[in-house]
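Written out below as structure tokens is the structure these notes cover.
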Amino acid sequence: MSITVNGREVAAPADPRVSLLDLLREDLHLPGTKKGCNQGACGACTVLVDGERILSCLALAVQFEGRSVTTIEGIGTPGALHPLQQAFVEHDGFQCGYCTPGQICSAIAMVEEVRRGVPSHVTRDLGAETIALSRDELRERMSGNLCRCGAHNGIVDAIEHAFAEVAA
């Protein structure tokens with residue numbers, strides 16, 4: 001059994017009880033994905049699986065056999081940041097930085113959800129073919145990712161800047 005992590009095939013753990021988060025951090029030595037609450041409440045462990053955001057602390061690694069997992073380490077490099085990573089820097093979208101990897105992974109998937117027309121709790125017209133990414137829509141969609149430092153305004157500004165073509 002293998003899982004693709006950041007474009008590289010890795011063996012799934014022999015122990016089926018290993019969470020995806022622990023596989024990433026402990027076995028693959030990818031420290032970007034953070035262990036926050038370890039209960040699925042904070043979003044610090046958010047990664048992308050086939051482009052969809054998931055909470056890796058609540059997922060067993062063996063569930064992702066044959067699938068593609070992307071962590072913050074697979075999104076940009078120090079010399080070539082993803083536009084959202086650059087926007088976080090420019091808009092002070094982090095203070096301590098602990099939640100930042102999960103915020104970035106979540107925002108990337110969130111924008112794709114909007115582009116596909118997936119409604120949220122605050123989407124006004126559920127029948128609309130396109131959804132405008134207003135500040136309220138963005139905040140609702142990112143509500144599963146907490147920032148204990150209070151950098152939410154910078155995070156929202158960074159997401160709006162990086163994905164201006166979707167933002168309303």
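Chain labels A, B, ... are given in the sequence in which chains occur in the structure tokens; within each chain residues are numbered consecutively from 1, and ligands are likewise numbered from 1 in the order shown.
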Would you mind listing what lies within 8 Å of Glu52 of chain A as a list in words, with only C-alpha atoms counted and same-chain residues fewer than 3 positions away left out?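 Near neighbours after the sequence-gap exclusion: Leu48, Val49 and Ala109 of chain A.
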Run DSSP on the backbone of this structure and report the residues of chain A it assigns to strand (DSSP E or B), as number ranges by chain. A: 2-5, 8-11, 19, 46-49, 52-55, 60, 68-70, 77, 80, 133, 167
Gln95 of chain A: which residues within 12 Å, counting only C-alpha atoms, same-chain residues fewer than 2 positions away excluded, as a ChimeraX atom specification? /A:88-89,91-93,97-100,147-155
When distances are computed from only C-alpha atoms, which of A:Asn38, A:Thr46, A:Ser120, A:Asn6 shows the smallest separation from Ala132 of chain A?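 Residue with the minimum atom-to-atom distance to Ala132 of chain A: A:Ser120.
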Expected answer as a PyMOL selection string: alpha helix (DSSP H) residues in chain A: chain A and resi 20-22+83-90+100-116+135-141+152-162
Please provide the set of residues having any atom within 10 Å of Thr4 of chain A, restricted to only C-alpha atoms, with same-chain residues fewer than 2 positions apart removed, written as a list in words.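 So, after excluding close chain neighbours, the residues are Ser2, Asn6, Gly7, Arg8, Glu9, Val10, Ala11, Ala12, Val49, Asp50, Phe64, Glu65, Gly66, Arg67, Ser68, Val69 and Thr70 of chain A.
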Best match for closeness to Arg139 of chain A among A:Val5, A:Cys96, A:Val156, A:Ile104, counting only C-alpha atoms: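 Of A:Val5, A:Cys96, A:Val156, A:Ile104, the one nearest Arg139 of chain A is A:Val156, counting only C-alpha atoms.
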Contact check, segment 90-117 of chain A to segment 140-145 of chain A, at most 10 Å, counting only C-alpha atoms, closest pairs as JSON lines:
{"residue": "A:Cys99", "atom": "CA", "partner": "A:Asn145", "partner_atom": "CA", "distance": 7.6}
{"residue": "A:Thr100", "atom": "CA", "partner": "A:Asn145", "partner_atom": "CA", "distance": 9.2}
{"residue": "A:Gly102", "atom": "CA", "partner": "A:Asn145", "partner_atom": "CA", "distance": 7.1}
{"residue": "A:Gln103", "atom": "CA", "partner": "A:Asn145", "partner_atom": "CA", "distance": 6.1}
{"residue": "A:Ile104", "atom": "CA", "partner": "A:Asn145", "partner_atom": "CA", "distance": 9.7}
{"residue": "A:Ser106", "atom": "CA", "partner": "A:Met142", "partner_atom": "CA", "distance": 7.2}
{"residue": "A:Ala107", "atom": "CA", "partner": "A:Met142", "partner_atom": "CA", "distance": 7.0}
{"residue": "A:Met110", "atom": "CA", "partner": "A:Arg141", "partner_atom": "CA", "distance": 6.7}
{"residue": "A:Val111", "atom": "CA", "partner": "A:Arg141", "partner_atom": "CA", "distance": 9.3}
{"residue": "A:Glu113", "atom": "CA", "partner": "A:Arg141", "partner_atom": "CA", "distance": 9.5}
{"residue": "A:Val114", "atom": "CA", "partner": "A:Arg141", "partner_atom": "CA", "distance": 9.4}
Which residue gives the smallest distance to Cys37 of chain A among A:Ile131, A:Glu90, A:Leu126, A:Leu21, with only C-alpha atoms counted?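 Answer, going by the shortest atom-to-atom distance: A:Leu21.
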What gap, in Å, lies between atom CA of Arg115 of chain A and atom CA of Leu81 of chain A?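 Atom CA of Arg115 of chain A sits 22.3 Å away from atom CA of Leu81 of chain A.
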Please list as a list in words every residue within 7 Å of Ile72 of chain A, counting only C-alpha atoms and excluding residues in the same chain fewer than 4 positions away.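 Close residues of Ile72 of chain A: Gly32, Thr33, Pro101 and Cys105 of chain A.
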Keeping N, CA and C atoms for every residue in the selection just given, could you write it to a file as a PDB file, in the first residue's frame?
ATOM      1  N   GLY A  32       5.380  20.772   9.014  1.00  0.00           N
ATOM      2  CA  GLY A  32       4.508  21.903   8.699  1.00  0.00           C
ATOM      3  C   GLY A  32       3.078  21.690   9.155  1.00  0.00           C
ATOM      4  N   THR A  33       2.571  20.488   9.015  1.00  0.00           N
ATOM      5  CA  THR A  33       1.222  20.179   9.461  1.00  0.00           C
ATOM      6  C   THR A  33       1.264  20.079  10.982  1.00  0.00           C
ATOM      7  N   PRO A 101       0.011  27.012   8.328  1.00  0.00           N
ATOM      8  CA  PRO A 101      -0.054  25.951   7.315  1.00  0.00           C
ATOM      9  C   PRO A 101      -1.469  25.425   7.081  1.00  0.00           C
ATOM     10  N   CYS A 105      -3.637  25.755   3.546  1.00  0.00           N
ATOM     11  CA  CYS A 105      -4.209  24.581   2.876  1.00  0.00           C
ATOM     12  C   CYS A 105      -5.723  24.705   2.779  1.00  0.00           C
TER      13      CYS A 105
END
When you look at Ser134 of chain A with a cut-off of 10 Å (counting only C-alpha atoms), what residues show up, excluding the ones that are within fewer than 3 positions of it in the same chain? I need them as a list in words.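 What passes the distance filter is Thr123, Ile131, Glu137, Leu138, Arg139, Glu140, Glu160, Val166, Ala167 and Ala168 of chain A.
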One-decimal distance in Å that lies between atom CA of Thr77 of chain A and atom CA of His29 of chain A: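 A separation of 16.5 Å between them.
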So how many Å separate atom CA of Ala158 of chain A and atom CA of Leu133 of chain A, to one decimal?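 Atom CA of Ala158 of chain A sits 13.2 Å away from atom CA of Leu133 of chain A.
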A:Leu30, A:Glu129, A:Gly40, A:Ile108 ranked by distance to Leu84 of chain A, top pick (using only C-alpha atoms): A:Ile108
